[in-house]
$ cat coords_30.csv   # CSV, C-alpha atoms
chain,number,residue,atom,x,y,z
A,1,MET,CA,89.1,101.1,85.9
A,2,THR,CA,87.6,102.5,89.2
A,3,LEU,CA,89.7,102.9,92.3
A,4,GLU,CA,88.1,103.8,95.6
A,5,LEU,CA,90.7,105.5,97.8
A,6,MET,CA,89.9,105.0,101.5
A,7,ASN,CA,91.2,105.3,105.0
A,8,THR,CA,91.1,102.7,107.7
A,9,SER,CA,92.6,102.6,111.2
A,10,ALA,CA,91.7,98.9,111.7
A,11,ASP,CA,94.4,96.3,112.4
A,12,LYS,CA,95.5,94.3,109.3
A,13,ARG,CA,94.6,91.1,111.1
A,14,ASN,CA,90.9,92.1,111.5
A,15,LEU,CA,88.4,90.4,109.2
A,16,SER,CA,86.1,93.4,109.4
A,17,LYS,CA,87.6,96.8,108.7
A,18,SER,CA,85.7,100.0,109.0
A,19,THR,CA,86.7,102.4,106.2
A,20,SER,CA,85.9,105.9,105.1
A,21,LEU,CA,85.8,106.7,101.4
A,22,ILE,CA,88.1,109.6,100.5
A,23,LYS,CA,87.6,109.7,96.7
A,24,LYS,CA,86.7,107.5,93.7
A,25,VAL,CA,89.0,108.0,90.8
A,26,THR,CA,89.6,106.4,87.4
A,27,CYS,CA,93.0,104.6,87.2
A,28,LYS,CA,95.1,102.8,84.8
A,29,ILE,CA,97.0,99.6,85.9
A,30,LYS,CA,100.8,99.9,85.3
A,31,GLU,CA,102.1,97.5,82.7
A,32,GLY,CA,103.8,94.4,84.1
A,33,THR,CA,102.0,94.5,87.5
A,34,SER,CA,100.0,91.8,89.1
A,35,ILE,CA,96.5,91.5,90.6
A,36,ILE,CA,98.0,90.7,94.0
A,37,ASN,CA,100.5,93.6,94.2
A,38,PRO,CA,99.2,96.1,91.6
A,39,THR,CA,100.6,99.5,90.9
A,40,VAL,CA,98.0,101.9,89.4
A,41,ILE,CA,98.4,105.3,87.9
A,42,ILE,CA,95.9,108.1,88.8
A,43,GLY,CA,95.7,111.9,88.2
A,44,LYS,CA,97.2,114.2,90.8
A,45,MET,CA,95.2,114.8,94.0
A,46,SER,CA,95.6,117.4,96.7
A,47,ALA,CA,98.3,116.6,99.2
A,48,SER,CA,95.8,116.7,102.1
A,49,SER,CA,93.6,114.1,100.4
A,50,ILE,CA,96.3,111.7,99.3
A,51,ARG,CA,97.9,111.8,102.8
A,52,LYS,CA,94.8,110.3,104.3
A,53,CYS,CA,94.7,107.3,101.9
A,54,ASN,CA,96.0,104.0,103.2
A,55,TYR,CA,93.4,101.5,101.8
A,56,ALA,CA,91.8,101.0,98.4
A,57,TYR,CA,89.3,98.9,96.5
A,58,ILE,CA,89.4,98.0,92.8
A,59,SER,CA,85.9,97.1,91.7
A,60,GLU,CA,87.0,95.4,88.5
A,61,PHE,CA,89.2,93.0,90.5
A,62,GLY,CA,86.7,92.7,93.4
A,63,ARG,CA,89.6,93.1,95.8
A,64,TYR,CA,90.6,95.3,98.7
A,65,TYR,CA,94.2,96.6,99.0
A,66,PHE,CA,96.6,98.1,101.5
A,67,ILE,CA,98.4,101.0,100.0
A,68,ASN,CA,102.2,100.5,100.4
A,69,ASP,CA,103.5,103.6,98.6
A,70,ILE,CA,102.4,106.6,96.7
A,71,THR,CA,105.0,108.2,94.3
A,72,GLU,CA,104.9,110.9,91.7
A,73,ALA,CA,105.0,109.2,88.3
A,74,THR,CA,104.9,112.5,86.3
A,75,ALA,CA,104.1,116.1,87.0
A,76,SER,CA,100.4,115.3,86.7
A,77,GLN,CA,100.2,111.6,87.8
A,78,LEU,CA,100.7,109.5,90.9
A,79,ALA,CA,101.7,105.8,91.1
A,80,ILE,CA,100.0,103.9,93.9
A,81,SER,CA,101.6,100.6,94.9
A,82,MET,CA,99.3,98.2,96.8
A,83,HIS,CA,99.1,94.7,98.3
A,84,VAL,CA,95.9,92.7,98.5
A,85,ASP,CA,94.0,92.4,101.8
A,86,VAL,CA,93.0,88.8,101.6
A,87,LEU,CA,91.0,88.9,104.8
A,88,LYS,CA,88.7,91.7,103.7
A,89,THR,CA,88.5,90.5,100.1
A,90,TYR,CA,87.3,87.1,101.2
A,91,ALA,CA,85.6,88.0,104.4
A,92,SER,CA,82.1,86.5,103.5
A,93,GLN,CA,83.7,83.2,102.3
A,94,ILE,CA,85.8,83.0,105.5
A,95,ARG,CA,82.7,83.7,107.7
A,96,SER,CA,80.7,80.9,106.0
A,97,ILE,CA,83.3,78.2,106.8
A,98,SER,CA,82.2,75.8,109.5
A,99,THR,CA,85.0,74.3,111.5
A,100,LEU,CA,85.5,72.0,114.4
A,101,ILE,CA,88.6,72.7,116.5
A,102,LEU,CA,89.8,70.0,118.8
A,103,ARG,CA,92.2,70.8,121.6
A,104,GLN,CA,94.8,68.2,122.2
A,105,GLU,CA,96.0,67.6,125.8
A,106,ASN,CA,99.6,68.4,126.5
A,107,VAL,CA,101.4,65.2,126.0
A,108,TYR,CA,105.1,65.2,126.6
A,109,SER,CA,107.2,63.0,124.3
A,110,PRO,CA,111.0,63.1,124.3
A,111,TYR,CA,111.0,61.7,120.7
$ encode --input "coords_30.csv" --output "C-alpha cells"
Amino acid sequence: MTLELMNTSADKRNLSKSTSLIKKVTCKIKEGTSIINPTVIIGKMSASSIRKCNYAYISEFGRYYFINDITEATASQLAISMHVDVLKTYASQIRSISTLILRQENVYSPY
C-alpha cells in the first residue's frame, strides 16, 4: 500500500488545501483499524522529515487524512494514526452540487 506523506498549513475547514509532498513510502495497515481512522506502519524516517508530516494520502483508499499521531512501533518502524479529511477527499463531488439557499426573514414567535 502506498502512503504519500505531506505537509499542509491550510485550515481544516478549507475545501481546497495546498500540500507539499515530503515522501512516498510503502506502508502496512495495522490490524483492527478502520478506513476512517487508520493506523499504518512504515519504516523509520529521519526525524527532520517526519516532523514536517501532518497530512497524508492513501491511494488504495482514495482518501486524504490528517495525521493525528506518530509513534515508534519498534526500533525500525513508526505507527501513524490518522483521521479522514472528508472535505478534501470528496472536494470534486462537493463542488458539483447545485444548491439553492433561501434566507428566511427573522420572525419572532414566542411558541
$ closest_residue --input "coords_30.csv" --among "A:Ile35, A:Cys27, A:Leu15, A:Ile41" --to "Ala73 (chain A)" --atoms "all atoms listed in the file"
A:Ile41
$ residues_around --input "coords_30.csv" --residues "Ile22 (chain A)" --least-positions-apart "5" --cutoff "8 Å" --atoms "only C-alpha atoms" --output "PDB file with C-alpha atoms, in the coordinates of the input"
ATOM      1  CA  GLU A   4      88.100 103.800  95.600  1.00  0.00           C
ATOM      2  CA  LEU A   5      90.700 105.500  97.800  1.00  0.00           C
ATOM      3  CA  MET A   6      89.900 105.000 101.500  1.00  0.00           C
ATOM      4  CA  ASN A   7      91.200 105.300 105.000  1.00  0.00           C
ATOM      5  CA  SER A  49      93.600 114.100 100.400  1.00  0.00           C
ATOM      6  CA  LYS A  52      94.800 110.300 104.300  1.00  0.00           C
ATOM      7  CA  CYS A  53      94.700 107.300 101.900  1.00  0.00           C
TER       8      CYS A  53
END
$ atom_distance --input "coords_30.csv" --atom1 "CA of Lys12 (chain A)" --atom2 "CA of Gln77 (chain A)"
28.0 Å
$ atom_distance --input "coords_30.csv" --atom1 "CA of Ala79 (chain A)" --atom2 "CA of Ala91 (chain A)"
27.4 Å
$ residues_near_point --input "coords_30.csv" --point "(96.1, 90.3, 97.9)" --cutoff "7 Å" --atoms "only C-alpha atoms" --output "PyMOL selection string"
chain A and resi 36-37+65+83-86
$ residues_around --input "coords_30.csv" --residues "Leu78 (chain A)" --least-positions-apart "6" --cutoff "6 Å" --atoms "all atoms listed in the file" --output "PyMOL selection string"
chain A and resi 41-42+44+71-72
$ write_last_selection --input "coords_30.csv" --atoms "C-alpha atoms" --output "PDB file, in the coordinates of the input"
ATOM      1  CA  ILE A  41      98.400 105.300  87.900  1.00  0.00           C
ATOM      2  CA  ILE A  42      95.900 108.100  88.800  1.00  0.00           C
ATOM      3  CA  LYS A  44      97.200 114.200  90.800  1.00  0.00           C
ATOM      4  CA  THR A  71     105.000 108.200  94.300  1.00  0.00           C
ATOM      5  CA  GLU A  72     104.900 110.900  91.700  1.00  0.00           C
TER       6      GLU A  72
END
$ residues_around --input "coords_30.csv" --residues "Thr89 (chain A)" --least-positions-apart "5" --cutoff "12 Å" --atoms "all atoms listed in the file" --output "number ranges by chain"
A: 14-17, 36, 56-59, 61-66, 83-84, 94-95
$ write_last_selection --input "coords_30.csv" --atoms "C-alpha atoms" --output "mmCIF file, in the frame of the given file"
data_model
loop_
_atom_site.group_PDB
_atom_site.id
_atom_site.type_symbol
_atom_site.label_atom_id
_atom_site.label_comp_id
_atom_site.auth_asym_id
_atom_site.auth_seq_id
_atom_site.Cartn_x
_atom_site.Cartn_y
_atom_site.Cartn_z
ATOM 1 C CA ASN A 14 90.900 92.100 111.500
ATOM 2 C CA LEU A 15 88.400 90.400 109.200
ATOM 3 C CA SER A 16 86.100 93.400 109.400
ATOM 4 C CA LYS A 17 87.600 96.800 108.700
ATOM 5 C CA ILE A 36 98.000 90.700 94.000
ATOM 6 C CA ALA A 56 91.800 101.000 98.400
ATOM 7 C CA TYR A 57 89.300 98.900 96.500
ATOM 8 C CA ILE A 58 89.400 98.000 92.800
ATOM 9 C CA SER A 59 85.900 97.100 91.700
ATOM 10 C CA PHE A 61 89.200 93.000 90.500
ATOM 11 C CA GLY A 62 86.700 92.700 93.400
ATOM 12 C CA ARG A 63 89.600 93.100 95.800
ATOM 13 C CA TYR A 64 90.600 95.300 98.700
ATOM 14 C CA TYR A 65 94.200 96.600 99.000
ATOM 15 C CA PHE A 66 96.600 98.100 101.500
ATOM 16 C CA HIS A 83 99.100 94.700 98.300
ATOM 17 C CA VAL A 84 95.900 92.700 98.500
ATOM 18 C CA ILE A 94 85.800 83.000 105.500
ATOM 19 C CA ARG A 95 82.700 83.700 107.700
#
$ closest_residue --input "coords_30.csv" --among "A:Ile70, A:Ile97, A:Thr33, A:Ser76" --to "Arg51 (chain A)" --atoms "all atoms listed in the file"
A:Ile70
$ atom_distance --input "coords_30.csv" --atom1 "CA of Val40 (chain A)" --atom2 "CA of Leu21 (chain A)"
17.8 Å
$ closest_residue --input "coords_30.csv" --among "A:Ser81, A:Ser48, A:Thr19, A:Thr74" --to "Ser34 (chain A)" --atoms "all atoms listed in the file"
A:Ser81
$ closest_residue --input "coords_30.csv" --among "A:Glu60, A:Thr39, A:Ile67, A:Gly32" --to "Thr8 (chain A)" --atoms "all atoms listed in the file"
A:Ile67
$ build_atoms --input "coords_30.csv" --residues "region 10-21 of chain A" --atoms "all heavy atoms" --output "compact mmCIF listing (two decimals), in the frame of the given file"
# COMPACT_ATOMS: atom_id res chain seq x y z
N ALA A 10 91.86 100.23 111.19
CA ALA A 10 91.70 98.90 111.70
C ALA A 10 93.05 98.10 111.56
O ALA A 10 93.85 98.36 110.66
CB ALA A 10 90.64 98.12 110.95
N ASP A 11 93.25 97.15 112.45
CA ASP A 11 94.40 96.30 112.40
C ASP A 11 94.35 95.40 111.16
O ASP A 11 93.28 94.96 110.76
CB ASP A 11 94.42 95.38 113.67
CG ASP A 11 95.69 94.59 113.81
OD1 ASP A 11 95.91 93.67 112.99
OD2 ASP A 11 96.46 94.87 114.74
N LYS A 12 95.49 95.15 110.55
CA LYS A 12 95.50 94.30 109.30
C LYS A 12 95.00 92.93 109.55
O LYS A 12 94.55 92.28 108.63
CB LYS A 12 96.98 94.23 108.82
CG LYS A 12 97.52 95.50 108.24
CD LYS A 12 98.90 95.30 107.67
CE LYS A 12 99.35 96.58 107.00
NZ LYS A 12 100.56 96.43 106.22
N ARG A 13 95.03 92.45 110.81
CA ARG A 13 94.60 91.10 111.10
C ARG A 13 93.08 90.99 111.32
O ARG A 13 92.56 89.90 111.49
CB ARG A 13 95.32 90.56 112.34
CG ARG A 13 96.83 90.49 112.11
CD ARG A 13 97.54 90.24 113.39
NE ARG A 13 97.42 91.44 114.23
CZ ARG A 13 97.95 91.60 115.42
NH1 ARG A 13 98.64 90.63 115.95
NH2 ARG A 13 97.81 92.72 116.09
N ASN A 14 92.37 92.12 111.31
CA ASN A 14 90.90 92.10 111.50
C ASN A 14 90.22 91.69 110.21
O ASN A 14 90.56 92.18 109.13
CB ASN A 14 90.39 93.47 111.91
CG ASN A 14 90.71 93.80 113.34
OD1 ASN A 14 91.21 92.96 114.09
ND2 ASN A 14 90.45 95.02 113.73
N LEU A 15 89.22 90.84 110.36
CA LEU A 15 88.40 90.40 109.20
C LEU A 15 87.52 91.56 108.75
O LEU A 15 87.38 91.80 107.56
CB LEU A 15 87.60 89.18 109.60
CG LEU A 15 86.97 88.38 108.50
CD1 LEU A 15 88.02 87.85 107.55
CD2 LEU A 15 86.18 87.23 109.09
N SER A 16 86.92 92.24 109.69
CA SER A 16 86.10 93.40 109.40
C SER A 16 86.83 94.67 109.62
O SER A 16 87.36 94.87 110.71
CB SER A 16 84.82 93.38 110.27
OG SER A 16 84.07 92.21 110.05
N LYS A 17 86.88 95.49 108.61
CA LYS A 17 87.60 96.80 108.70
C LYS A 17 86.60 97.87 108.42
O LYS A 17 85.94 97.84 107.39
CB LYS A 17 88.76 96.82 107.78
CG LYS A 17 89.85 95.84 108.13
CD LYS A 17 90.95 95.87 107.09
CE LYS A 17 92.02 94.87 107.41
NZ LYS A 17 91.61 93.49 107.20
N SER A 18 86.50 98.85 109.29
CA SER A 18 85.70 100.00 109.00
C SER A 18 86.55 100.95 108.13
O SER A 18 87.73 101.16 108.41
CB SER A 18 85.18 100.71 110.22
OG SER A 18 86.26 101.15 111.00
N THR A 19 85.95 101.48 107.08
CA THR A 19 86.70 102.40 106.20
C THR A 19 85.89 103.63 105.93
O THR A 19 84.67 103.64 106.09
CB THR A 19 86.93 101.67 104.81
OG1 THR A 19 85.67 101.34 104.22
CG2 THR A 19 87.77 100.42 104.95
N SER A 20 86.59 104.65 105.55
CA SER A 20 85.90 105.90 105.10
C SER A 20 86.42 106.23 103.73
O SER A 20 87.63 106.27 103.49
CB SER A 20 86.16 107.03 106.10
OG SER A 20 87.53 107.24 106.28
N LEU A 21 85.49 106.43 102.82
CA LEU A 21 85.80 106.70 101.40
C LEU A 21 86.34 108.17 101.35
O LEU A 21 85.74 109.11 101.87
CB LEU A 21 84.58 106.58 100.55
CG LEU A 21 84.77 106.87 99.07
CD1 LEU A 21 85.71 105.84 98.44
CD2 LEU A 21 83.44 106.87 98.35
